[in-house]
Amino acid sequence: MTQLDDRATTGARYPAPRPQRVEAGELAEVTLTVNGTETTVAVPARMHLADVLRERLGLTGTHLGCEHGVCGMCTVLVDGEAARACLLFAVQCDGAEVVTVEGLGTADDQHPLQRAFSAHHGLQCGFCTPGMLMSSYDLLANPPGETGEGPAEQMSGVLCRCTGYRGILAAVADVAESCPDGPPPPRNCGARTLVGRSAVPPVTGSGTVAGGVPEVPEEIREPGGAPSATVTVASTLRSPVEEVWRVLADFDRLARCLPGAQLVETLDGDRYRGRATVALGPVRLAFEGLAQVVERDPKAHRMRVLAQGADTGGSATRAVIRLAVDPADGGALLRADADLHLSGRIAQFGRALAGDVGRRMFEQFAEAVDETAHTGRAPELRAGPSPVALAAAALRDLSRRALRAGRDRVTTWFHARRRHP
């Protein structure tokens, strides 16, 4: 809608940010009232509101589409007016009141707009629906006046690829007729605990990160849901099983074998602070994180590690890593299986590319473990994997798979034609 476009791009009537200087890599404290709950989060200065809502506060109803302010999927209400959350830095919203689709209503107490969308079949895949609901709420609560635009133009600020807009327009017209004085206020706004999803910095029970410094959790919780990518690597090493296991059992030497990783601090409870640098093309990510060994079986030579980390640009990773060492041809077979859960910029690599990059990193890890076990010397701090080499190798593998799939389709078509000319 035109009104939404103007507000989202000009920043009109948004609260003025507090004057403060934030150095590169530092976090800024931002206090928001989100769906009726005041919360303070520590965020990078360049982190946009959508990532704060989704990754720091767990409000995943705000969807991300283009992240360029075009599709309108991320529309929320900021101080009662529609705004694209991907175009607003979170620090711009300090002191603002934000309402997301979660605050509009609940399954048991739906807002009239939600009921109308359901009654008029105003959704199919549902991806644009949160943005449509918040945009239509703004249209009804803040009518644009005599602009000469019809309802279709007024609702064009959010793109829908499924419905043709007919059901959506019918739903908005229905609520406009039944609520001539404007839509009822959101029905699910009130004080509650907001639970963050990303690794660091966490949101405490009060919704505050004290001093902007991430707290160290007593333990890392295993991530739920489907992983962004799964990596499985089996490497045959020349070193015997016991020598390889000695390297894995010593977390300092293990960390030195990981490309781009550095152990910073050893904590109690088999927990370890560290940092890692990963580069892929123009994207360079520096993660601060925590790892915890949750299972260790010296007799079976098995280990399970949970890891989580975040960079200042808003990317976050969580991983479940399983390591196993078995005898193989006078040496050892090192198996590494990892479930990777990615969010933020790093998630935009896609499953296939993220999986290929992860596999290449574990292959380099296996080589370093073998060398350390063979020589008895831990390697010096290893540089992060080459962005050119990783990207080229990963893209080469993707191309090979695509060519192989195309060749298989041609072969299948050829044999089918021979059987049924």
# chains A, B, ... in the order shown; residues from 1 in each chain; ligands from 1
$ residues_around --residues "His301 of chain A" --least-positions-apart "3" --cutoff "7 Å" --atoms "only C-alpha atoms" --output "ChimeraX atom specification"
/A:245,297-298,324-325
$ write_last_selection --atoms "N, CA and C atoms" --output "CSV table (one decimal), in the first residue's frame"
chain,number,residue,atom,x,y,z
A,245,TRP,N,42.0,-40.8,19.3
A,245,TRP,CA,41.1,-40.5,20.4
A,245,TRP,C,41.8,-39.5,21.4
A,297,ASP,N,32.5,-41.3,25.6
A,297,ASP,CA,32.7,-42.7,25.9
A,297,ASP,C,34.1,-43.1,25.4
A,298,PRO,N,35.1,-43.1,26.3
A,298,PRO,CA,36.5,-43.5,25.9
A,298,PRO,C,36.6,-44.9,25.4
A,324,ALA,N,33.1,-40.2,16.1
A,324,ALA,CA,33.3,-41.6,16.4
A,324,ALA,C,34.6,-42.1,15.7
A,325,VAL,N,35.4,-42.9,16.4
A,325,VAL,CA,36.7,-43.4,15.8
A,325,VAL,C,36.6,-45.0,15.9
$ select_by_dssp --residues "segment 285-366 of chain A" --states "alpha helix (DSSP H)" --output "VMD selection string"
chain A and resid 351 to 366
$ closest_residue --among "A:Thr39, A:Gln364, A:Gln308, A:Ser118" --to "Ser235 of chain A" --atoms "only C-alpha atoms"
A:Gln364
$ residues_around --residues "Phe117 of chain A" --least-positions-apart "4" --cutoff "9 Å" --atoms "only C-alpha atoms" --output "number ranges by chain"
A: 112-113, 121-123, 129, 133, 167-168, 170-172
$ select_by_dssp --residues "segment 245-304 of chain A" --states "strand (DSSP E)" --output "JSON, numbers by chain"
{"A": [261, 262, 263, 264, 265, 266, 267, 271, 272, 273, 274, 275, 276, 277, 278, 279, 280, 283, 284, 285, 286, 287, 288, 289, 290, 291, 292, 293, 294, 295, 296, 297, 302, 303, 304]}
$ write_last_selection --atoms "N, CA and C atoms" --output "compact mmCIF listing (two decimals), in the first residue's frame"
# COMPACT_ATOMS: atom_id res chain seq x y z
N ALA A 261 39.21 -21.90 14.12
CA ALA A 261 38.70 -21.94 15.49
C ALA A 261 39.81 -21.65 16.50
N GLN A 262 39.41 -21.08 17.63
CA GLN A 262 40.36 -20.78 18.70
C GLN A 262 39.67 -20.97 20.03
N LEU A 263 40.29 -21.75 20.93
CA LEU A 263 39.77 -21.93 22.28
C LEU A 263 40.16 -20.73 23.12
N VAL A 264 39.17 -20.10 23.76
CA VAL A 264 39.40 -18.88 24.54
C VAL A 264 39.45 -19.17 26.03
N GLU A 265 38.56 -20.03 26.51
CA GLU A 265 38.45 -20.26 27.95
C GLU A 265 37.84 -21.62 28.21
N THR A 266 38.38 -22.33 29.21
CA THR A 266 37.81 -23.60 29.64
C THR A 266 36.97 -23.36 30.89
N LEU A 267 35.71 -23.76 30.83
CA LEU A 267 34.77 -23.56 31.93
C LEU A 267 34.48 -24.90 32.59
N ARG A 271 32.52 -27.37 29.50
CA ARG A 271 32.11 -26.30 28.59
C ARG A 271 33.34 -25.49 28.20
N TYR A 272 33.27 -24.93 27.00
CA TYR A 272 34.43 -24.23 26.45
C TYR A 272 33.97 -23.01 25.67
N ARG A 273 34.57 -21.87 25.96
CA ARG A 273 34.34 -20.66 25.17
C ARG A 273 35.32 -20.65 24.01
N GLY A 274 34.86 -20.14 22.88
CA GLY A 274 35.76 -20.07 21.73
C GLY A 274 35.28 -19.06 20.72
N ARG A 275 36.08 -18.90 19.69
CA ARG A 275 35.69 -18.05 18.56
C ARG A 275 36.13 -18.74 17.28
N ALA A 276 35.43 -18.40 16.22
CA ALA A 276 35.73 -19.02 14.92
C ALA A 276 35.45 -18.00 13.83
N THR A 277 36.23 -18.08 12.77
CA THR A 277 36.07 -17.19 11.62
C THR A 277 35.80 -18.03 10.39
N VAL A 278 34.74 -17.68 9.68
CA VAL A 278 34.38 -18.37 8.44
C VAL A 278 34.18 -17.33 7.36
N ALA A 279 34.77 -17.55 6.19
CA ALA A 279 34.62 -16.61 5.08
C ALA A 279 34.13 -17.37 3.86
N LEU A 280 33.16 -16.79 3.18
CA LEU A 280 32.65 -17.37 1.95
C LEU A 280 32.38 -16.22 0.98
N VAL A 283 31.30 -12.56 2.19
CA VAL A 283 30.74 -12.66 3.53
C VAL A 283 31.78 -13.24 4.47
N ARG A 284 32.16 -12.48 5.48
CA ARG A 284 33.12 -12.95 6.48
C ARG A 284 32.45 -12.86 7.84
N LEU A 285 32.38 -13.98 8.54
CA LEU A 285 31.67 -14.07 9.80
C LEU A 285 32.64 -14.43 10.91
N ALA A 286 32.59 -13.69 12.01
CA ALA A 286 33.42 -13.96 13.17
C ALA A 286 32.49 -14.33 14.33
N PHE A 287 32.51 -15.58 14.74
CA PHE A 287 31.58 -16.09 15.75
C PHE A 287 32.24 -16.14 17.12
N GLU A 288 31.49 -15.71 18.13
CA GLU A 288 31.83 -15.97 19.54
C GLU A 288 30.84 -17.02 20.02
N GLY A 289 31.35 -18.06 20.66
CA GLY A 289 30.41 -19.12 21.00
C GLY A 289 30.83 -19.96 22.18
N LEU A 290 30.07 -21.00 22.38
CA LEU A 290 30.23 -21.90 23.51
C LEU A 290 30.03 -23.33 23.01
N ALA A 291 30.84 -24.25 23.51
CA ALA A 291 30.70 -25.67 23.18
C ALA A 291 30.65 -26.47 24.47
N GLN A 292 29.90 -27.54 24.44
CA GLN A 292 29.79 -28.40 25.62
C GLN A 292 29.80 -29.86 25.18
N VAL A 293 30.67 -30.64 25.81
CA VAL A 293 30.70 -32.08 25.55
C VAL A 293 29.63 -32.72 26.43
N VAL A 294 28.60 -33.26 25.81
CA VAL A 294 27.48 -33.81 26.58
C VAL A 294 27.56 -35.33 26.69
N GLU A 295 28.35 -35.96 25.83
CA GLU A 295 28.56 -37.41 25.92
C GLU A 295 30.01 -37.70 25.56
N ARG A 296 30.66 -38.57 26.36
CA ARG A 296 32.03 -38.94 26.08
C ARG A 296 32.22 -40.39 26.52
N ASP A 297 32.55 -41.28 25.59
CA ASP A 297 32.72 -42.71 25.87
C ASP A 297 34.12 -43.13 25.41
N ARG A 302 33.58 -42.59 21.38
CA ARG A 302 32.44 -41.83 20.88
C ARG A 302 32.32 -40.52 21.68
N MET A 303 31.89 -39.48 20.99
CA MET A 303 31.73 -38.18 21.64
C MET A 303 30.60 -37.43 20.97
N ARG A 304 29.83 -36.69 21.78
CA ARG A 304 28.78 -35.82 21.24
C ARG A 304 28.95 -34.44 21.83
$ residues_around --residues "Phe89 of chain A" --least-positions-apart "2" --cutoff "9 Å" --atoms "only C-alpha atoms" --output "ChimeraX atom specification"
/A:45-50,85-87,91-93
$ residues_around --residues "Glu363 of chain A" --least-positions-apart "2" --cutoff "12 Å" --atoms "only C-alpha atoms" --output "MDAnalysis selection string"
chainID A and resid 231:237 257:259 334:337 356:361 365:370 385 390
$ closest_residue --among "A:Leu169, A:Leu32, A:Ala226, A:Ala42" --to "His120 of chain A" --atoms "only C-alpha atoms"
A:Leu169
$ atom_distance --atom1 "atom CA of Glu242 of chain A" --atom2 "atom CA of Thr230 of chain A"
27.4 Å
$ residues_around --residues "segment 94-102 of chain A" --least-positions-apart "2" --cutoff "8 Å" --atoms "only C-alpha atoms" --output "JSON, numbers by chain"
{"A": [14, 15, 16, 17, 18, 30, 31, 32, 33, 34, 35, 36, 59, 61, 62, 76, 77, 78, 79, 80, 90, 91, 92, 104, 105, 106, 130, 131, 133, 134, 188, 189]}
$ atom_distance --atom1 "atom CA of Gly126 of chain A" --atom2 "atom CA of His341 of chain A"
23.2 Å
